[in-house]
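Asks: Next comes the structure file coords14.csv, holding CSV, C-alpha atoms.
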chain,number,residue,atom,x,y,z
A,1,MET,CA,84.5,-163.9,18.7
A,2,SER,CA,85.5,-167.2,20.3
A,3,ASP,CA,82.5,-168.8,18.8
A,4,SER,CA,83.6,-168.0,15.3
A,5,ASN,CA,87.1,-169.1,16.2
A,6,ALA,CA,85.8,-172.6,17.1
A,7,LEU,CA,83.7,-172.7,13.9
A,8,ASP,CA,86.7,-171.6,11.8
A,9,ALA,CA,88.9,-174.2,13.5
A,10,LEU,CA,86.4,-176.9,12.7
A,11,ILE,CA,86.1,-175.8,9.0
A,12,GLN,CA,89.9,-175.7,8.7
A,13,ALA,CA,90.2,-179.2,10.2
A,14,LEU,CA,87.6,-180.6,7.8
A,15,ARG,CA,89.5,-179.0,4.9
A,16,ARG,CA,92.4,-181.3,5.6
A,17,LEU,CA,90.4,-184.2,4.1
A,18,PRO,CA,91.2,-184.9,0.4
A,19,GLY,CA,88.9,-183.2,-2.0
A,20,VAL,CA,87.2,-181.0,0.6
A,21,GLY,CA,87.3,-177.3,-0.1
A,22,VAL,CA,86.1,-174.4,1.9
A,23,LYS,CA,82.4,-174.7,0.8
A,24,SER,CA,82.2,-178.5,1.5
A,25,ALA,CA,84.0,-178.1,4.8
A,26,SER,CA,81.6,-175.3,5.8
A,27,ARG,CA,78.5,-177.4,4.8
A,28,MET,CA,79.8,-180.3,6.9
A,29,ALA,CA,80.5,-178.1,9.9
A,30,PHE,CA,77.1,-176.4,9.7
A,31,HIS,CA,75.3,-179.7,9.3
A,32,LEU,CA,77.1,-181.3,12.2
A,33,LEU,CA,76.5,-178.3,14.5
A,34,GLN,CA,72.9,-177.7,13.4
A,35,HIS,CA,71.5,-181.1,12.8
A,36,ASP,CA,73.8,-183.8,14.2
A,37,ARG,CA,75.7,-182.8,17.3
A,38,ASP,CA,75.6,-186.5,18.5
A,39,GLY,CA,77.1,-187.5,15.2
A,40,ALA,CA,79.8,-184.8,15.6
A,41,GLN,CA,80.6,-186.2,19.1
A,42,ARG,CA,80.8,-189.8,17.7
A,43,LEU,CA,83.1,-188.6,14.9
A,44,ALA,CA,85.3,-186.8,17.3
A,45,ARG,CA,85.6,-189.8,19.6
A,46,ALA,CA,86.2,-192.2,16.6
A,47,LEU,CA,89.0,-189.9,15.2
A,48,GLN,CA,90.6,-189.7,18.7
A,49,GLN,CA,90.5,-193.4,19.2
A,50,ALA,CA,91.8,-194.2,15.7
A,51,THR,CA,94.8,-191.8,16.1
A,52,GLU,CA,95.6,-193.3,19.5
A,53,LYS,CA,95.1,-197.0,18.7
A,54,ILE,CA,96.0,-197.6,15.1
A,55,GLY,CA,99.6,-198.1,14.0
A,56,HIS,CA,101.5,-200.0,11.4
A,57,CYS,CA,101.8,-203.7,11.0
A,58,GLN,CA,105.4,-204.8,11.7
A,59,ARG,CA,105.4,-207.2,8.7
A,60,CYS,CA,103.4,-205.5,5.9
A,61,HIS,CA,103.1,-201.9,7.1
A,62,THR,CA,99.3,-201.6,6.8
A,63,PHE,CA,97.1,-200.2,9.5
A,64,THR,CA,96.4,-202.3,12.5
A,65,GLU,CA,95.6,-202.1,16.2
A,66,GLY,CA,98.1,-204.9,17.0
A,67,LEU,CA,101.8,-205.4,16.3
A,68,VAL,CA,100.9,-207.6,13.3
A,69,CYS,CA,97.7,-207.3,11.3
A,70,ALA,CA,95.1,-210.0,10.9
A,71,THR,CA,96.0,-210.7,7.2
A,72,CYS,CA,99.7,-211.4,8.1
A,73,LEU,CA,98.5,-213.6,11.0
A,74,ASN,CA,96.0,-215.6,8.9
A,75,PRO,CA,97.4,-219.2,8.4
A,76,ARG,CA,95.4,-219.7,5.3
A,77,ARG,CA,97.2,-216.9,3.3
A,78,ASP,CA,99.6,-218.0,0.6
A,79,LEU,CA,103.0,-217.2,1.9
A,80,SER,CA,104.6,-217.6,-1.5
A,81,LYS,CA,103.0,-214.4,-2.9
A,82,LEU,CA,103.7,-210.8,-1.8
A,83,CYS,CA,101.6,-208.1,-3.4
A,84,VAL,CA,103.0,-204.5,-3.2
A,85,VAL,CA,100.5,-201.7,-3.0
A,86,GLU,CA,100.8,-198.0,-2.4
A,87,THR,CA,98.2,-197.5,0.4
A,88,PRO,CA,95.9,-199.5,2.8
A,89,ALA,CA,93.0,-198.3,0.6
A,90,ASP,CA,94.6,-200.1,-2.4
A,91,GLN,CA,95.0,-203.2,-0.2
A,92,SER,CA,91.4,-203.1,0.8
A,93,ALA,CA,90.3,-202.8,-2.8
A,94,LEU,CA,92.2,-205.9,-3.7
A,95,GLU,CA,90.9,-207.8,-0.7
A,96,ARG,CA,87.3,-207.0,-1.7
A,97,THR,CA,87.8,-208.8,-5.0
A,98,GLY,CA,88.3,-212.1,-3.2
A,99,ALA,CA,90.7,-213.1,-6.0
A,100,TYR,CA,94.0,-212.7,-4.1
A,101,LYS,CA,95.0,-214.9,-1.1
A,102,GLY,CA,98.6,-214.0,-0.6
A,103,LEU,CA,100.3,-211.5,1.7
A,104,TYR,CA,100.9,-207.7,1.2
A,105,PHE,CA,103.4,-205.0,1.6
A,106,VAL,CA,102.0,-201.5,1.9
A,107,LEU,CA,104.4,-198.8,0.8
A,108,MET,CA,102.4,-195.9,2.3
A,109,GLY,CA,103.2,-193.8,-0.7
A,110,LYS,CA,105.0,-193.8,-4.0
A,111,LEU,CA,108.3,-192.4,-5.3
A,112,SER,CA,107.9,-188.8,-6.2
A,113,PRO,CA,111.2,-186.9,-6.4
A,114,LEU,CA,109.4,-183.6,-7.2
A,115,ASP,CA,107.7,-183.9,-3.8
A,116,GLY,CA,110.9,-185.0,-2.1
A,117,ILE,CA,109.7,-188.6,-1.6
A,118,GLY,CA,112.5,-191.1,-2.1
A,119,PRO,CA,113.1,-194.8,-1.5
A,120,HIS,CA,113.7,-194.3,2.3
A,121,ASP,CA,110.4,-192.4,2.7
A,122,ILE,CA,108.4,-195.4,1.5
A,123,GLY,CA,110.4,-198.1,3.2
A,124,LEU,CA,111.9,-199.9,0.2
A,125,LYS,CA,114.7,-201.5,2.3
A,126,LYS,CA,112.0,-203.1,4.5
A,127,LEU,CA,110.2,-204.3,1.3
A,128,PHE,CA,113.4,-205.7,-0.2
A,129,ASP,CA,114.2,-207.6,3.1
A,130,ARG,CA,110.6,-209.0,3.1
A,131,ALA,CA,110.6,-209.9,-0.5
A,132,CYS,CA,113.9,-211.8,-0.2
A,133,ASP,CA,112.3,-214.2,2.4
A,134,PRO,CA,112.8,-217.7,1.0
A,135,GLN,CA,109.1,-218.4,1.4
A,136,VAL,CA,108.3,-215.6,-1.1
A,137,ARG,CA,108.3,-217.0,-4.7
A,138,GLU,CA,106.6,-214.1,-6.5
A,139,VAL,CA,106.3,-210.3,-5.8
A,140,ILE,CA,103.3,-208.8,-7.5
A,141,LEU,CA,103.6,-205.1,-8.2
A,142,ALA,CA,100.2,-203.5,-7.8
A,143,THR,CA,101.1,-199.8,-7.7
A,144,ASN,CA,98.8,-197.4,-9.5
A,145,PHE,CA,99.2,-196.8,-13.2
A,146,THR,CA,100.3,-193.1,-12.7
A,147,ALA,CA,103.7,-191.8,-13.6
A,148,GLU,CA,104.8,-192.0,-10.0
A,149,GLY,CA,103.3,-195.5,-9.6
A,150,GLU,CA,105.0,-196.7,-12.7
A,151,ALA,CA,108.3,-195.3,-11.6
A,152,THR,CA,107.9,-196.9,-8.2
A,153,ALA,CA,107.1,-200.3,-9.8
A,154,HIS,CA,110.1,-199.9,-12.1
A,155,VAL,CA,112.6,-199.2,-9.3
A,156,ILE,CA,111.2,-202.1,-7.2
A,157,SER,CA,111.2,-204.5,-10.1
A,158,GLU,CA,114.8,-203.8,-11.1
A,159,ALA,CA,116.1,-204.0,-7.5
A,160,LEU,CA,114.2,-207.3,-6.9
A,161,LYS,CA,115.2,-208.9,-10.2
A,162,SER,CA,118.8,-208.2,-9.4
A,163,ARG,CA,118.3,-210.2,-6.2
A,164,GLY,CA,116.8,-213.1,-8.2
A,165,VAL,CA,113.2,-212.6,-7.1
A,166,VAL,CA,110.4,-213.3,-9.6
A,167,VAL,CA,108.5,-210.0,-10.1
A,168,THR,CA,105.1,-209.6,-11.9
A,169,ARG,CA,103.0,-206.5,-12.6
A,170,LEU,CA,99.2,-206.2,-12.5
A,171,ALA,CA,97.8,-206.5,-16.0
A,172,ARG,CA,96.2,-203.4,-17.5
A,173,GLY,CA,93.9,-203.0,-20.5
A,174,VAL,CA,90.5,-202.5,-21.8
A,175,PRO,CA,87.8,-202.8,-19.1
A,176,ALA,CA,85.3,-205.6,-19.5
A,177,GLY,CA,82.0,-204.4,-21.1
A,178,SER,CA,83.6,-201.3,-22.6
A,179,GLU,CA,83.6,-200.3,-26.3
A,180,LEU,CA,86.9,-199.5,-27.9
A,181,GLU,CA,85.9,-196.2,-29.4
A,182,TYR,CA,85.3,-194.8,-25.9
A,183,VAL,CA,88.5,-196.1,-24.3
A,184,ASP,CA,91.4,-193.8,-24.1
A,185,LEU,CA,94.3,-194.4,-26.5
A,186,GLY,CA,96.9,-195.1,-23.8
A,187,THR,CA,94.8,-197.9,-22.3
A,188,ILE,CA,94.3,-199.5,-25.8
A,189,ALA,CA,98.0,-199.3,-26.5
A,190,HIS,CA,98.9,-201.0,-23.2
A,191,ALA,CA,96.2,-203.6,-23.8
A,192,LEU,CA,97.9,-204.4,-27.2
A,193,VAL,CA,101.4,-204.6,-25.7
A,194,ASP,CA,100.2,-206.7,-22.7
A,195,ARG,CA,97.9,-209.0,-24.7
A,196,ARG,CA,98.0,-212.7,-24.0
Could you rewrite the structure in this file as structure tokens?
Replies:
Amino acid sequence: MSDSNALDALIQALRRLPGVGVKSASRMAFHLLQHDRDGAQRLARALQQATEKIGHCQRCHTFTEGLVCATCLNPRRDLSKLCVVETPADQSALERTGAYKGLYFVLMGKLSPLDGIGPHDIGLKKLFDRACDPQVREVILATNFTAEGEATAHVISEALKSRGVVVTRLARGVPAGSELEYVDLGTIAHALVDRR
């Protein structure tokens, strides 16, 4: 029975990944054990090293192996702009565009009172301290356009405006190349309100 216990433990561990249910976890486990034991060992080592070596940047809170991440240390970044995102994945997506050259603050979440996530849980005090740095002239709120992301952006915006900080929000609207009849009504309404 110890063999099935080890297999069950692997399946349960894989189920911790977002969007992975019992069937997907089982397929992954069987594939790794049957066809790619070397890949399974590499995956195990990579996970072990990542959990041991990766921490949070002292300035922006993203993932890094050092005390301060490479983005915060880059002398070519625009110190006057601070973009607030929910996750390191969101930061990575913005970086891939090549359109933003400022600095970041990664919340590592969003306000969600129903889930018990409040301002202290996402480090808003640290963000407010960082945003009030005299070098920062604009804080760009790039939280997601979900109910929680909007609430988080609103709380941050109100708090920073009361401190005299210039706050902007990512624009939202109709995607380029789309046809209006296929775009959801909420997106069209926001595009009308946010038109320029």
Asks: To one decimal place in Å, what is the distance between atom CA of A:Glu65 and atom CA of A:Thr87?
Replies: 16.7 Å
Asks: Nearest to A:Asn74 among A:Gly118, A:Lys101, A:Leu47, A:Arg130, with distances taken over only C-alpha atoms: which residue is it?
Replies: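 Of all the options, A:Lys101 lies closest to A:Asn74.
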Asks: Could you tell me which of A:Arg27, A:His190, A:Lys81, A:Lys161 comes closest to A:Val174 if we count only C-alpha atoms?
Replies: A:His190
Asks: Between A:Gly66, A:Pro88, A:Gly164, A:Gly21, which is the closest to A:Leu107 once you count only C-alpha atoms?
Replies: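 Using only C-alpha atoms, A:Leu107 sits closest to A:Pro88.
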Asks: Name all residues at most 8 Å from A:Phe105 (count only C-alpha atoms; drop same-chain ones fewer than 5 positions away) and give them as an NGL selection string.
Replies: :A and (59-62 or 82-85 or 127)
Asks: Take the selection from the previous step and output its residues with C-alpha atoms, as a PDB file, in the coordinates of the input.
Replies:
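The result, written out as selection_21.pdb:
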ATOM      1  CA  ARG A  59     105.400-207.200   8.700  1.00  0.00           C
ATOM      2  CA  CYS A  60     103.400-205.500   5.900  1.00  0.00           C
ATOM      3  CA  HIS A  61     103.100-201.900   7.100  1.00  0.00           C
ATOM      4  CA  THR A  62      99.300-201.600   6.800  1.00  0.00           C
ATOM      5  CA  LEU A  82     103.700-210.800  -1.800  1.00  0.00           C
ATOM      6  CA  CYS A  83     101.600-208.100  -3.400  1.00  0.00           C
ATOM      7  CA  VAL A  84     103.000-204.500  -3.200  1.00  0.00           C
ATOM      8  CA  VAL A  85     100.500-201.700  -3.000  1.00  0.00           C
ATOM      9  CA  LEU A 127     110.200-204.300   1.300  1.00  0.00           C
TER      10      LEU A 127
END
Asks: Considering only C-alpha atoms, return as a ChimeraX atom specification whatever protein or nucleic-acid residues lie within 10 Å of A:Pro134, sequence-local ones (same chain, fewer than 4 positions apart) excluded.
Replies: /A:79-80,130,165
Asks: Please, what distance in Å, to one decimal, runs between atom CA of A:Gly173 and atom CA of A:Val193?
Replies: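 Those two atoms sit 9.3 Å apart.
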Asks: Record the distance separating atom CA of A:Gln12 and atom CA of A:Ala40, expressed in Å with one decimal.
Replies: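 Interatomic distance, atom CA of A:Gln12 to atom CA of A:Ala40: 15.2 Å.
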Asks: Counting all atoms listed in the file, which of A:Leu170, A:Met108, A:Val20, A:Leu67 gets nearest to A:Ala89?
Replies: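 The closest residue to A:Ala89 is A:Met108.
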Asks: Calculated over all atoms listed in the file, which of the candidates A:Leu141, A:Leu103, A:Leu94, A:Val155 has the smallest distance to A:Thr71?
Replies: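 Among A:Leu141, A:Leu103, A:Leu94, A:Val155, it is A:Leu103 that comes nearest to A:Thr71.
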Asks: Write out as a ChimeraX atom specification each polymer residue whose atoms come within 9 Å of A:Asn144, counting only C-alpha atoms; drop sequence neighbours fewer than 6 positions from it.
Replies: /A:85-86,90,150,153
Asks: Quick one: of A:Glu95, A:Leu124, A:Phe30, A:Thr143, who's nearest to A:Ala159, counting all atoms listed in the file?
Replies: A:Leu124
